[in-house]
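> Sharing upload.tsv (TSV, C-alpha atoms) below.
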```tsv
chain	number	residue	atom	x	y	z
V	1	MET	CA	73.34	199.89	97.99
V	2	ASN	CA	73.62	200.64	101.71
V	3	ARG	CA	69.95	199.78	102.26
V	4	THR	CA	70.41	196.53	100.34
V	5	LEU	CA	73.41	195.64	102.50
V	6	GLN	CA	71.48	196.42	105.69
V	7	ASN	CA	68.60	194.18	104.60
V	8	LEU	CA	70.97	191.35	103.73
V	9	LEU	CA	72.90	191.74	106.99
V	10	GLN	CA	69.65	191.57	108.90
V	11	TYR	CA	68.70	188.38	107.05
V	12	TYR	CA	72.12	186.72	107.40
V	13	VAL	CA	72.66	187.82	111.00
V	14	SER	CA	69.36	186.31	112.05
V	15	THR	CA	69.92	183.10	110.07
V	16	ASN	CA	72.81	180.75	109.54
V	17	THR	CA	73.14	179.38	106.03
V	18	ALA	CA	76.47	177.77	106.75
V	19	SER	CA	75.24	175.37	109.46
V	20	THR	CA	74.69	172.09	107.62
V	21	ALA	CA	73.56	170.99	104.21
V	22	SER	CA	70.27	169.64	105.56
V	23	THR	CA	69.15	172.82	107.32
V	24	THR	CA	67.75	175.83	105.55
V	25	ALA	CA	68.67	179.46	106.07
V	26	ALA	CA	65.84	180.08	108.51
V	27	ASP	CA	66.69	177.17	110.82
V	28	SER	CA	69.34	178.60	113.16
V	29	LYS	CA	70.92	181.88	114.30
V	30	ILE	CA	74.59	182.85	114.08
V	31	PRO	CA	75.94	183.33	117.59
V	32	PRO	CA	77.57	186.75	118.21
V	33	LYS	CA	80.75	184.94	119.32
V	34	ASP	CA	81.18	183.58	115.79
V	35	ARG	CA	80.17	186.80	114.09
V	36	PHE	CA	82.52	189.05	116.05
V	37	SER	CA	85.47	186.68	116.47
V	38	GLY	CA	88.00	189.38	115.56
V	39	LYS	CA	89.08	187.49	112.44
V	40	PRO	CA	87.85	189.29	109.30
V	41	VAL	CA	87.29	187.36	106.10
V	42	PHE	CA	89.42	189.86	104.18
V	43	ALA	CA	92.54	191.39	105.69
V	44	ARG	CA	92.02	194.96	106.85
V	45	GLU	CA	95.61	196.09	107.20
V	46	PRO	CA	96.42	198.82	104.71
V	47	LEU	CA	98.45	197.98	101.67
V	48	TYR	CA	101.71	199.88	101.86
V	49	SER	CA	102.69	199.46	98.25
V	50	ARG	CA	102.24	200.94	94.84
V	51	MET	CA	98.83	201.62	93.36
V	52	GLU	CA	99.13	198.76	90.85
V	53	ILE	CA	99.44	196.23	93.65
V	54	LYS	CA	96.47	197.74	95.47
V	55	HIS	CA	94.38	197.47	92.30
V	56	LEU	CA	95.44	193.87	91.83
V	57	PHE	CA	94.51	193.04	95.42
V	58	MET	CA	91.11	194.77	95.16
V	59	SER	CA	90.39	192.96	91.91
V	60	SER	CA	91.00	189.64	93.65
V	61	VAL	CA	88.81	190.66	96.58
V	62	LEU	CA	85.98	191.64	94.21
V	63	GLU	CA	86.32	188.32	92.38
V	64	THR	CA	86.08	186.52	95.72
V	65	TYR	CA	82.96	188.51	96.57
V	66	GLU	CA	81.44	187.45	93.26
V	67	LYS	CA	82.03	183.81	94.11
V	68	LEU	CA	80.80	184.30	97.68
V	69	ILE	CA	77.56	185.97	96.63
V	70	GLY	CA	77.07	183.32	93.95
V	71	GLN	CA	77.37	180.66	96.64
V	72	MET	CA	74.92	182.57	98.84
V	73	LEU	CA	72.44	182.61	95.96
V	74	LYS	CA	72.83	178.85	95.48
V	75	GLN	CA	72.18	178.24	99.17
V	76	LEU	CA	68.92	180.17	99.21
V	77	PRO	CA	65.79	178.03	98.98
V	78	THR	CA	64.33	177.97	95.50
V	79	PRO	CA	61.27	180.19	95.15
V	80	THR	CA	57.98	178.31	95.06
V	81	PRO	CA	55.20	179.28	92.68
V	82	LEU	CA	52.39	181.37	94.10
V	83	THR	CA	49.56	179.35	95.60
V	84	ALA	CA	45.94	180.34	96.08
V	85	THR	CA	46.65	181.37	99.69
V	86	ALA	CA	49.63	183.58	98.86
V	87	THR	CA	48.97	187.16	97.93
V	88	PRO	CA	50.73	188.34	94.78
V	89	GLY	CA	51.57	191.75	96.28
V	90	SER	CA	53.69	190.42	99.18
V	91	PRO	CA	56.82	188.60	98.01
V	92	SER	CA	58.42	186.15	100.42
V	93	LYS	CA	61.60	187.02	102.33
V	94	GLY	CA	63.62	184.56	100.22
V	95	VAL	CA	62.63	186.33	97.00
V	96	GLU	CA	63.63	189.70	98.48
V	97	VAL	CA	66.99	188.35	99.63
V	98	ARG	CA	67.60	186.78	96.22
V	99	ALA	CA	66.83	190.07	94.49
V	100	GLU	CA	69.11	192.00	96.84
V	101	LEU	CA	71.96	189.52	96.40
V	102	ASN	CA	71.52	189.71	92.62
V	103	TYR	CA	71.64	193.52	92.88
V	104	LEU	CA	74.93	193.39	94.83
V	105	LEU	CA	76.37	190.82	92.44
V	106	HIS	CA	75.49	193.04	89.49
V	107	LYS	CA	77.13	196.09	91.13
V	108	ILE	CA	80.33	194.14	91.88
V	109	GLN	CA	80.45	192.74	88.34
V	110	ASP	CA	80.00	196.23	86.87
V	111	LEU	CA	82.77	197.62	89.05
V	112	ARG	CA	85.15	194.83	88.02
V	113	LYS	CA	84.21	195.15	84.37
V	114	HIS	CA	84.64	198.92	84.16
V	115	ARG	CA	87.47	199.62	86.61
V	116	TYR	CA	89.42	196.40	87.15
V	117	GLN	CA	89.49	194.64	83.76
V	118	GLU	CA	93.30	194.65	83.42
V	119	GLN	CA	93.77	193.40	86.94
V	120	SER	CA	91.22	190.61	86.44
V	121	GLU	CA	93.12	189.42	83.40
V	122	LEU	CA	96.37	189.50	85.36
V	123	VAL	CA	94.80	187.51	88.21
V	124	GLN	CA	93.65	184.88	85.71
V	125	ARG	CA	97.16	184.67	84.26
V	126	LEU	CA	98.63	184.30	87.75
V	127	GLN	CA	96.14	181.55	88.57
V	128	SER	CA	97.10	179.72	85.38
V	129	LEU	CA	100.71	179.70	86.62
V	130	GLY	CA	99.54	177.68	89.61
V	131	ARG	CA	98.05	175.06	87.28
V	132	ILE	CA	101.33	174.31	85.48
V	133	GLN	CA	102.10	170.60	85.56
V	134	MET	CA	105.37	170.52	87.49
V	135	ASP	CA	105.94	166.78	87.03
V	136	ASN	CA	105.57	166.84	83.22
V	137	PHE	CA	108.95	166.40	81.46
V	138	VAL	CA	107.85	168.39	78.40
V	139	VAL	CA	106.86	171.33	80.62
V	140	GLN	CA	110.16	171.06	82.50
V	141	SER	CA	112.16	171.06	79.27
V	142	LYS	CA	110.28	174.02	77.80
V	143	ALA	CA	110.64	175.94	81.05
V	144	LEU	CA	114.41	175.46	81.01
V	145	TRP	CA	114.59	176.74	77.43
V	146	GLU	CA	112.50	179.81	78.33
V	147	LEU	CA	114.38	180.60	81.55
V	148	PRO	CA	117.25	182.70	80.09
V	149	TRP	CA	114.88	185.08	78.32
V	150	LEU	CA	112.56	185.29	81.31
V	151	TYR	CA	115.46	185.80	83.72
V	152	GLU	CA	116.74	188.66	81.57
V	153	GLN	CA	113.28	190.25	81.51
V	154	ALA	CA	112.91	189.97	85.29
V	155	SER	CA	116.38	191.44	85.88
V	156	SER	CA	115.86	194.38	83.56
V	157	LEU	CA	112.45	195.09	85.09
V	158	SER	CA	113.97	195.20	88.55
V	159	ASN	CA	116.78	197.50	87.34
V	160	GLU	CA	114.25	199.74	85.59
V	161	VAL	CA	112.31	200.24	88.83
V	162	LYS	CA	115.52	201.13	90.66
V	163	MET	CA	116.45	203.65	87.98
V	164	GLN	CA	113.01	205.27	88.14
V	165	ARG	CA	113.39	205.70	91.91
V	166	ARG	CA	116.85	207.24	91.48
V	167	ARG	CA	115.58	209.68	88.85
V	168	ARG	CA	112.68	210.68	91.10
V	169	ARG	CA	115.01	211.21	94.05
V	170	ARG	CA	117.34	213.37	91.91
V	171	ARG	CA	114.44	215.48	90.64
V	172	ARG	CA	113.25	216.11	94.20
V	173	GLN	CA	116.76	217.04	95.30
V	174	ALA	CA	117.14	219.38	92.33
V	175	GLN	CA	113.83	221.06	93.15
V	176	ARG	CA	114.95	221.60	96.73
V	177	VAL	CA	118.16	223.26	95.56
V	178	LYS	CA	116.30	225.56	93.14
V	179	ALA	CA	113.55	226.52	95.59
V	180	PRO	CA	114.30	229.65	97.67
V	181	PRO	CA	114.50	229.06	101.43
V	182	ARG	CA	111.30	229.67	103.36
V	183	VAL	CA	111.30	232.42	105.92
```
Here is a file; write its structure as structure tokens.

Amino acid sequence: MNRTLQNLLQYYVSTNTASTASTTAADSKIPPKDRFSGKPVFAREPLYSRMEIKHLFMSSVLETYEKLIGQMLKQLPTPTPLTATATPGSPSKGVEVRAELNYLLHKIQDLRKHRYQEQSELVQRLQSLGRIQMDNFVVQSKALWELPWLYEQASSLSNEVKMQRRRRRRRRQAQRVKAPPRV
């Protein structure tokens, strides 16, 4: 995977696929000023939260990478059939890049499928919340009817988390009392 990434970085560093719709990937170079602007695509600050939130975040990042690599594949020039002058043993650079992007896409999809399935489903459910029709009177009425139950669920969930923290704190304190002092 590292070799594949190095090959793709070399291709995408030397070419700019995001320039304009009329230019191809081999038409212009990405200036170092744009490449090293100090603004990463994905935030690099560590997540100081519970593991579930980290998994949810990583699932969303992997989904974004899937979309990004899919877009990169669409932007590549379509492979042309071999002509009499082309040698069958030497594939063009575009074919190699396409194969390497497909390899990365497959690895990301496998990782999401096997390790982040629950989180992917949760992300989809969260995205569907954003598509709720806020100006629809039927939706507004149903939401008001569902609010008491949902409010109760949210309150009890919050209280449950607080209770778990208290229990953990008490267990740690009890262990400290039982443990003999270190010399």
> Counting only C-alpha atoms, what is within 7 Å of segment 95-101 of chain V, bar same-chain residues fewer than 4 positions away, as a VMD selection string?
chain V and resid 4 8 69 73 79 91 105
> Between atom CA of Lys162 of chain V and atom CA of Arg50 of chain V, measure the distance and give it in Å to one decimal.
13.9 Å
> Set up a box along x, y and z of the file covering all listed atoms of segment 105-120 of chain V, add 5 Å on every one of the six sides, and write the centre and edge lengths in Å to one decimal, as JSON.

```
{"center_x": 84.6, "center_y": 195.1, "center_z": 87.9, "size_x": 28.3, "size_y": 19.0, "size_z": 19.0}
```
> Can you tell me, as a VMD selection string, what residues are no more than 12 Å from Glu66 of chain V when counting only C-alpha atoms, ignoring any on the same chain fewer than 6 positions away?
chain V and resid 59 to 60 72 to 73 101 to 112
> Find the distance between atom CA of Gly94 of chain V and atom CA of Gln75 of chain V and write it in Å to one decimal.
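For atom CA of Gly94 of chain V relative to atom CA of Gln75 of chain V, the distance reads 10.7 Å.
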> Which polymer residues have any atom within 10 Å of an atom of Gln119 of chain V, counting all atoms listed in the file, with same-chain residues fewer than 5 positions away left out, as a list in words?
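The contact residues come out as Glu52, Ile53, Lys54, His55, Leu56, Phe57, Met58, Ser59, Ser60, Arg112, Gln124 and Arg125 of chain V.
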> When you draw a straight line from atom CA of Val61 of chain V to atom CA of Met134 of chain V, how long is it in Å?
27.6 Å
> Using the partial input, fill out segment 45-77 of chain V with N, CA and C atoms; write the result as an mmCIF file, keeping the file's coordinate frame.

```
data_model
loop_
_atom_site.group_PDB
_atom_site.id
_atom_site.type_symbol
_atom_site.label_atom_id
_atom_site.label_comp_id
_atom_site.auth_asym_id
_atom_site.auth_seq_id
_atom_site.Cartn_x
_atom_site.Cartn_y
_atom_site.Cartn_z
ATOM 1 N N GLU V 45 94.428 195.247 107.093
ATOM 2 C CA GLU V 45 95.610 196.090 107.200
ATOM 3 C C GLU V 45 95.835 196.796 105.871
ATOM 4 N N PRO V 46 96.243 198.051 105.950
ATOM 5 C CA PRO V 46 96.420 198.820 104.710
ATOM 6 C C PRO V 46 97.568 198.259 103.881
ATOM 7 N N LEU V 47 97.407 198.431 102.588
ATOM 8 C CA LEU V 47 98.450 197.980 101.670
ATOM 9 C C LEU V 47 99.465 199.092 101.499
ATOM 10 N N TYR V 48 100.657 198.884 101.997
ATOM 11 C CA TYR V 48 101.710 199.880 101.860
ATOM 12 C C TYR V 48 102.544 199.528 100.627
ATOM 13 N N SER V 49 101.981 199.776 99.486
ATOM 14 C CA SER V 49 102.690 199.460 98.250
ATOM 15 C C SER V 49 102.159 200.369 97.147
ATOM 16 N N ARG V 50 102.637 200.117 95.969
ATOM 17 C CA ARG V 50 102.240 200.940 94.840
ATOM 18 C C ARG V 50 100.776 200.693 94.470
ATOM 19 N N MET V 51 100.236 201.642 93.749
ATOM 20 C CA MET V 51 98.830 201.620 93.360
ATOM 21 C C MET V 51 98.485 200.380 92.530
ATOM 22 N N GLU V 52 99.408 199.925 91.684
ATOM 23 C CA GLU V 52 99.130 198.760 90.850
ATOM 24 C C GLU V 52 98.864 197.526 91.703
ATOM 25 N N ILE V 53 99.616 197.388 92.773
ATOM 26 C CA ILE V 53 99.440 196.230 93.650
ATOM 27 C C ILE V 53 98.121 196.342 94.398
ATOM 28 N N LYS V 54 97.749 197.545 94.799
ATOM 29 C CA LYS V 54 96.470 197.740 95.470
ATOM 30 C C LYS V 54 95.314 197.384 94.537
ATOM 31 N N HIS V 55 95.425 197.793 93.277
ATOM 32 C CA HIS V 55 94.380 197.470 92.300
ATOM 33 C C HIS V 55 94.289 195.965 92.093
ATOM 34 N N LEU V 56 95.418 195.313 92.010
ATOM 35 C CA LEU V 56 95.440 193.870 91.830
ATOM 36 C C LEU V 56 94.774 193.170 93.014
ATOM 37 N N PHE V 57 95.100 193.615 94.224
ATOM 38 C CA PHE V 57 94.510 193.040 95.420
ATOM 39 C C PHE V 57 92.995 193.249 95.435
ATOM 40 N N MET V 58 92.548 194.471 95.144
ATOM 41 C CA MET V 58 91.110 194.770 95.160
ATOM 42 C C MET V 58 90.377 193.977 94.083
ATOM 43 N N SER V 59 91.005 193.772 92.949
ATOM 44 C CA SER V 59 90.390 192.960 91.910
ATOM 45 C C SER V 59 90.168 191.532 92.396
ATOM 46 N N SER V 60 91.139 190.994 93.103
ATOM 47 C CA SER V 60 91.000 189.640 93.650
ATOM 48 C C SER V 60 89.925 189.582 94.726
ATOM 49 N N VAL V 61 89.844 190.618 95.545
ATOM 50 C CA VAL V 61 88.810 190.660 96.580
ATOM 51 C C VAL V 61 87.426 190.724 95.929
ATOM 52 N N LEU V 62 87.277 191.547 94.896
ATOM 53 C CA LEU V 62 85.980 191.640 94.210
ATOM 54 C C LEU V 62 85.610 190.320 93.551
ATOM 55 N N GLU V 63 86.589 189.632 92.975
ATOM 56 C CA GLU V 63 86.320 188.320 92.380
ATOM 57 C C GLU V 63 85.858 187.335 93.453
ATOM 58 N N THR V 64 86.471 187.395 94.615
ATOM 59 C CA THR V 64 86.080 186.520 95.720
ATOM 60 C C THR V 64 84.661 186.844 96.172
ATOM 61 N N TYR V 65 84.328 188.128 96.226
ATOM 62 C CA TYR V 65 82.960 188.510 96.570
ATOM 63 C C TYR V 65 81.960 187.977 95.551
ATOM 64 N N GLU V 66 82.321 188.010 94.278
ATOM 65 C CA GLU V 66 81.440 187.450 93.260
ATOM 66 C C GLU V 66 81.150 185.984 93.534
ATOM 67 N N LYS V 67 82.200 185.237 93.820
ATOM 68 C CA LYS V 67 82.030 183.810 94.110
ATOM 69 C C LYS V 67 81.211 183.597 95.377
ATOM 70 N N LEU V 68 81.494 184.417 96.399
ATOM 71 C CA LEU V 68 80.800 184.300 97.680
ATOM 72 C C LEU V 68 79.311 184.577 97.521
ATOM 73 N N ILE V 69 78.972 185.641 96.824
ATOM 74 C CA ILE V 69 77.560 185.970 96.630
ATOM 75 C C ILE V 69 76.883 184.931 95.746
ATOM 76 N N GLY V 70 77.613 184.406 94.757
ATOM 77 C CA GLY V 70 77.070 183.320 93.950
ATOM 78 C C GLY V 70 76.743 182.102 94.796
ATOM 79 N N GLN V 71 77.620 181.778 95.732
ATOM 80 C CA GLN V 71 77.370 180.660 96.640
ATOM 81 C C GLN V 71 76.173 180.951 97.541
ATOM 82 N N MET V 72 76.059 182.191 98.002
ATOM 83 C CA MET V 72 74.920 182.570 98.840
ATOM 84 C C MET V 72 73.614 182.422 98.061
ATOM 85 N N LEU V 73 73.640 182.774 96.792
ATOM 86 C CA LEU V 73 72.440 182.610 95.960
ATOM 87 C C LEU V 73 72.088 181.134 95.786
ATOM 88 N N LYS V 74 73.096 180.287 95.631
ATOM 89 C CA LYS V 74 72.830 178.850 95.480
ATOM 90 C C LYS V 74 72.248 178.255 96.751
ATOM 91 N N GLN V 75 72.643 178.787 97.903
ATOM 92 C CA GLN V 75 72.180 178.240 99.170
ATOM 93 C C GLN V 75 70.774 178.684 99.546
ATOM 94 N N LEU V 76 70.280 179.726 98.904
ATOM 95 C CA LEU V 76 68.920 180.170 99.210
ATOM 96 C C LEU V 76 67.920 179.123 98.727
ATOM 97 N N PRO V 77 66.814 178.965 99.462
ATOM 98 C CA PRO V 77 65.790 178.030 98.980
ATOM 99 C C PRO V 77 65.211 178.520 97.663
#
```
